[in-house]
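Asks: Dropping the structure in here first, questions after.
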Amino acid sequence: MALGQFEQQCAGSALIRPAVCGNSPLRSFAHGFTLIDTAITLVIAGLLLQMVVTGQQLIHNARVRDIIAQQVAVEGAVMAFQDRYHALPGDYAMATANIACTPSPCLNGNGNGRVEAGTGGAVHEEILAWQHLSAAGYLRATYRMTSDSESVATPNNTPRNVFGGYLEIVFDTDWGYGANTVARHNIKTGNFIPVAVLSEVDRKVDDGRPGTGRFQFSRYAGFGPAPVNGGALGACTDADTPAASWANRADNDNCGAATLLY
């Protein structure tokens with residue numbers, strides 16, 4: 001019997017009880033999901049969710065590898081430059097004579113053994129370092145410092161991390177925790193990096209802690225807001241001490257770190 005005929009018979013017959021008509025198997029089939037339909041829907045939803053989670057994890061892992069590879073490459077370039085010229089990039093006082101820069105000639109550092117950030121009005125060696133490295137053939141990209149008055153990182157004179165923050169090679173105390181007074185040469189990752197990425201980088205290459213080891217937290221920001229530490233709202237670390245941990249639960253996407261050289 002067709003569904004329409006059954007409904008008409010229900011409406012016009014005193015012999016069929018209303019309860020029977022109202023709970024017709026045909027009516028239930030026509031107006032609702034079967035258990036099989038529901039199961040298929042749940043399976044598809046589960047597969048889609050798994051694909052999203054897997055995709056996010058793949059992206060996260062790729063970003064971690066990018067940061068590690070960039071830090072390793074810069075460290076290797078600095079070591080190779082020093083081995084060849086017996087000086088640090090940016091600080092090299094004989095660059096004009098020994099490196100072919102564009103524009104020419106190369107700017108010189110002051111040769112005091114430290115890559116300094118324009119101390120006392122001097123040339124910003126932390127920017128000049130990238131021109132020395134690229135002109136000497138230790139970087140794939142080309143970076144130029146056109147005059148000794150340049151004091152701000154730009155895409156023309158400084159490389160950036162995968163999230164857009166500027167890297168830095170410098171001799172300073174801006175790493176670890178706030179009370180740190182020990183100056184060391186280091187390679188800054190730049191800011192705008194999610195704390196979960198830096199935490200994973202630290203776990204893979206060092207001791208997993210932002211206040212100890214060779215890979216530590218840094219507040220450096222070439223542009224934009226500086227990363228925050230110490231457990232404050234939106235901080236990258238849960239304390240401002242050597243015993244701090246990366247604040248992964250805060251899910252902050254503006255963090256930075258530094259690889260200590262020597």
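Quick note on naming: the chains in the structure tokens go A, B, ... in the order shown, residues restart at 1 in each chain, and ligands are numbered from 1 in order of appearance.
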I want to know what sits within 10 Å of Asp172 (chain A), based on only C-alpha atoms, with residues of the same chain fewer than 2 positions away left out; could you give that as a list in words?
Replies: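 Counting only C-alpha atoms, the residues come to Arg114, Val115, Glu116, Ala117, Ile169, Val170, Asp174, Trp175, Thr181, Val182, Ala183, Arg184, His185 and Asn186 of chain A.
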Asks: Output the selection as a PDB file, in the first residue's frame - N, CA and C atoms for each residue.
Replies:
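Result written to again07.pdb:
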ATOM      1  N   ARG A 114      82.883  42.001  18.863  1.00  0.00           N
ATOM      2  CA  ARG A 114      81.479  41.889  19.256  1.00  0.00           C
ATOM      3  C   ARG A 114      80.584  42.459  18.165  1.00  0.00           C
ATOM      4  N   VAL A 115      79.501  41.756  17.875  1.00  0.00           N
ATOM      5  CA  VAL A 115      78.502  42.249  16.921  1.00  0.00           C
ATOM      6  C   VAL A 115      77.521  43.098  17.726  1.00  0.00           C
ATOM      7  N   GLU A 116      77.687  44.419  17.624  1.00  0.00           N
ATOM      8  CA  GLU A 116      76.943  45.320  18.501  1.00  0.00           C
ATOM      9  C   GLU A 116      75.846  46.060  17.746  1.00  0.00           C
ATOM     10  N   ALA A 117      74.784  46.352  18.476  1.00  0.00           N
ATOM     11  CA  ALA A 117      73.609  47.006  17.892  1.00  0.00           C
ATOM     12  C   ALA A 117      73.742  48.522  17.930  1.00  0.00           C
ATOM     13  N   ILE A 169      71.569  38.706  14.578  1.00  0.00           N
ATOM     14  CA  ILE A 169      72.838  38.200  15.119  1.00  0.00           C
ATOM     15  C   ILE A 169      73.417  39.335  15.941  1.00  0.00           C
ATOM     16  N   VAL A 170      73.641  39.106  17.230  1.00  0.00           N
ATOM     17  CA  VAL A 170      74.029  40.229  18.077  1.00  0.00           C
ATOM     18  C   VAL A 170      74.698  39.741  19.360  1.00  0.00           C
ATOM     19  N   ASP A 174      69.735  40.084  25.942  1.00  0.00           N
ATOM     20  CA  ASP A 174      68.290  39.905  25.741  1.00  0.00           C
ATOM     21  C   ASP A 174      67.959  38.453  25.401  1.00  0.00           C
ATOM     22  N   TRP A 175      68.146  37.594  26.357  1.00  0.00           N
ATOM     23  CA  TRP A 175      67.808  36.175  26.215  1.00  0.00           C
ATOM     24  C   TRP A 175      67.675  35.573  27.611  1.00  0.00           C
ATOM     25  N   THR A 181      72.217  39.212  33.158  1.00  0.00           N
ATOM     26  CA  THR A 181      73.185  40.291  32.918  1.00  0.00           C
ATOM     27  C   THR A 181      74.385  39.808  32.115  1.00  0.00           C
ATOM     28  N   VAL A 182      74.366  38.570  31.678  1.00  0.00           N
ATOM     29  CA  VAL A 182      75.486  37.997  30.924  1.00  0.00           C
ATOM     30  C   VAL A 182      75.258  38.227  29.433  1.00  0.00           C
ATOM     31  N   ALA A 183      76.168  38.946  28.801  1.00  0.00           N
ATOM     32  CA  ALA A 183      76.067  39.198  27.366  1.00  0.00           C
ATOM     33  C   ALA A 183      76.787  38.092  26.598  1.00  0.00           C
ATOM     34  N   ARG A 184      76.106  37.584  25.568  1.00  0.00           N
ATOM     35  CA  ARG A 184      76.704  36.565  24.707  1.00  0.00           C
ATOM     36  C   ARG A 184      76.234  36.772  23.277  1.00  0.00           C
ATOM     37  N   HIS A 185      77.049  36.292  22.341  1.00  0.00           N
ATOM     38  CA  HIS A 185      76.591  36.302  20.954  1.00  0.00           C
ATOM     39  C   HIS A 185      75.463  35.286  20.804  1.00  0.00           C
ATOM     40  N   ASN A 186      74.438  35.678  20.073  1.00  0.00           N
ATOM     41  CA  ASN A 186      73.295  34.792  19.896  1.00  0.00           C
ATOM     42  C   ASN A 186      72.586  35.110  18.593  1.00  0.00           C
TER      43      ASN A 186
END
Asks: Against region 196-213 of chain A, which residues of region 134-184 of chain A fall within 10 Å? For each one I want the closest pair of atoms and the distance in Å (one decimal), counting only C-alpha atoms, rows by chain and increasing residue number, as a Markdown table.
Replies:
| residue | atom | partner | partner_atom | distance |
| --- | --- | --- | --- | --- |
| A:Trp175 | CA | A:Gly211 | CA | 8.1 |
| A:Gly176 | CA | A:Gly211 | CA | 4.5 |
| A:Tyr177 | CA | A:Gly211 | CA | 6.1 |
| A:Gly178 | CA | A:Gly211 | CA | 9.9 |
| A:Asn180 | CA | A:Gly211 | CA | 9.7 |
Asks: Could those selected residues go to a file with N, CA and C atoms, as an mmCIF file, in the first residue's frame?
Replies:
data_model
loop_
_atom_site.group_PDB
_atom_site.id
_atom_site.type_symbol
_atom_site.label_atom_id
_atom_site.label_comp_id
_atom_site.auth_asym_id
_atom_site.auth_seq_id
_atom_site.Cartn_x
_atom_site.Cartn_y
_atom_site.Cartn_z
ATOM 1 N N TRP A 175 68.146 37.594 26.357
ATOM 2 C CA TRP A 175 67.808 36.175 26.215
ATOM 3 C C TRP A 175 67.675 35.573 27.611
ATOM 4 N N GLY A 176 66.918 34.497 27.695
ATOM 5 C CA GLY A 176 66.742 33.827 28.988
ATOM 6 C C GLY A 176 65.646 34.444 29.815
ATOM 7 N N TYR A 177 66.009 35.187 30.847
ATOM 8 C CA TYR A 177 65.037 35.783 31.767
ATOM 9 C C TYR A 177 65.426 37.234 32.024
ATOM 10 N N GLY A 178 64.514 37.985 32.635
ATOM 11 C CA GLY A 178 64.683 39.422 32.763
ATOM 12 C C GLY A 178 65.918 39.871 33.512
ATOM 13 N N ASN A 180 68.807 38.522 33.599
ATOM 14 C CA ASN A 180 70.067 38.081 33.005
ATOM 15 C C ASN A 180 70.966 39.277 32.706
#
Asks: Report as a PyMOL selection string: the residues of region 102-151 of chain A with a DSSP assignment of alpha helix (DSSP H), based on the backbone of this structure.
Replies: chain A and resi 125-135
Asks: Output C-alpha atoms of each residue in that selection to a file, as a short mmCIF file (atom, residue, chain, number, x, y, z; two decimals), in the first residue's frame.
Replies:
data_model
loop_
_atom_site.label_atom_id
_atom_site.label_comp_id
_atom_site.auth_asym_id
_atom_site.auth_seq_id
_atom_site.Cartn_x
_atom_site.Cartn_y
_atom_site.Cartn_z
CA GLU A 125 76.63 45.66 13.11
CA GLU A 126 73.65 43.38 13.81
CA ILE A 127 72.25 44.57 10.45
CA LEU A 128 75.59 44.73 8.65
CA ALA A 129 76.19 41.08 9.58
CA TRP A 130 73.61 39.92 7.03
CA GLN A 131 75.28 41.85 4.20
CA HIS A 132 78.69 40.43 5.13
CA LEU A 133 77.31 36.88 5.17
CA SER A 134 75.37 37.15 1.91
CA ALA A 135 78.13 38.97 0.00
#
Asks: Take CA of Pro105 (chain A) and CA of Val74 (chain A) and report the distance between them in Å, one decimal.
Replies: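 Computing it gives 23.5 Å between the two atoms.
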Asks: Just the number, please: distance in Å from CA of Asn248 (chain A) to CA of Phe192 (chain A), one decimal.
Replies: 14.7 Å
Asks: From the set A:Ala153, A:Glu75, A:Asp37, A:Ala235, which residue has the shortest atom-to-atom contact distance to Tyr262 (chain A), counting only C-alpha atoms?
Replies: A:Glu75
Asks: Take CA of Met79 (chain A) and CA of Phe171 (chain A) and report the distance between them in Å, one decimal.
Replies: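 So the two atoms, CA of Met79 (chain A) and CA of Phe171 (chain A), lie 15.0 Å apart.
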Asks: Need to verify the contact set: Ser147 (chain A), 10 Å, only C-alpha atoms, exclusion of same-chain residues closer than 3 positions in sequence. Can you return it as JSON, numbers by chain?
Replies: {"A": [103, 106, 107, 123, 128, 144, 150, 151]}
Asks: What parts of region 22-195 of chain A does DSSP call strand (DSSP E)? I'd like the answer as a PyMOL selection string.
Replies: chain A and resi 168-172+184-188
Asks: Give me the residues near Ala136 (chain A) as a VMD selection string, where near means some atom within 12 Å (using only C-alpha atoms) and where sequence neighbours in that chain fewer than 2 positions away do not count.
Replies: chain A and resid 77 to 78 80 to 82 84 to 85 89 to 90 92 95 to 96 98 to 102 106 129 to 134 138 to 143
Asks: Pull C-alpha atoms from the residues just selected and write them as a PDB file, in the first residue's frame.
Replies:
ATOM      1  CA  ALA A  77      77.193  30.597   8.152  1.00  0.00           C
ATOM      2  CA  VAL A  78      78.575  32.562  11.113  1.00  0.00           C
ATOM      3  CA  ALA A  80      82.194  29.487   8.324  1.00  0.00           C
ATOM      4  CA  PHE A  81      82.628  33.265   8.001  1.00  0.00           C
ATOM      5  CA  GLN A  82      84.673  33.440  11.178  1.00  0.00           C
ATOM      6  CA  ARG A  84      87.564  32.216   6.750  1.00  0.00           C
ATOM      7  CA  TYR A  85      88.013  35.845   7.789  1.00  0.00           C
ATOM      8  CA  PRO A  89      80.175  39.090  10.284  1.00  0.00           C
ATOM      9  CA  GLY A  90      79.076  42.648  10.960  1.00  0.00           C
ATOM     10  CA  TYR A  92      84.637  42.583  10.388  1.00  0.00           C
ATOM     11  CA  ALA A  95      85.196  43.940   4.712  1.00  0.00           C
ATOM     12  CA  THR A  96      85.796  46.860   2.321  1.00  0.00           C
ATOM     13  CA  ASN A  98      88.097  41.599   1.161  1.00  0.00           C
ATOM     14  CA  ILE A  99      84.366  41.271   0.351  1.00  0.00           C
ATOM     15  CA  ALA A 100      82.669  42.373  -2.860  1.00  0.00           C
ATOM     16  CA  CYS A 101      79.418  43.955  -1.702  1.00  0.00           C
ATOM     17  CA  THR A 102      76.544  45.469  -3.664  1.00  0.00           C
ATOM     18  CA  CYS A 106      81.250  46.973   1.853  1.00  0.00           C
ATOM     19  CA  ALA A 129      76.194  41.084   9.584  1.00  0.00           C
ATOM     20  CA  TRP A 130      73.612  39.922   7.030  1.00  0.00           C
ATOM     21  CA  GLN A 131      75.283  41.847   4.199  1.00  0.00           C
ATOM     22  CA  HIS A 132      78.694  40.427   5.134  1.00  0.00           C
ATOM     23  CA  LEU A 133      77.306  36.878   5.168  1.00  0.00           C
ATOM     24  CA  SER A 134      75.373  37.150   1.913  1.00  0.00           C
ATOM     25  CA  TYR A 138      77.204  32.064   2.987  1.00  0.00           C
ATOM     26  CA  LEU A 139      73.511  32.877   2.487  1.00  0.00           C
ATOM     27  CA  ARG A 140      71.304  32.083  -0.499  1.00  0.00           C
ATOM     28  CA  ALA A 141      69.430  35.372  -0.354  1.00  0.00           C
ATOM     29  CA  THR A 142      71.009  38.809  -0.835  1.00  0.00           C
ATOM     30  CA  TYR A 143      70.855  41.412   1.920  1.00  0.00           C
TER      31      TYR A 143
END
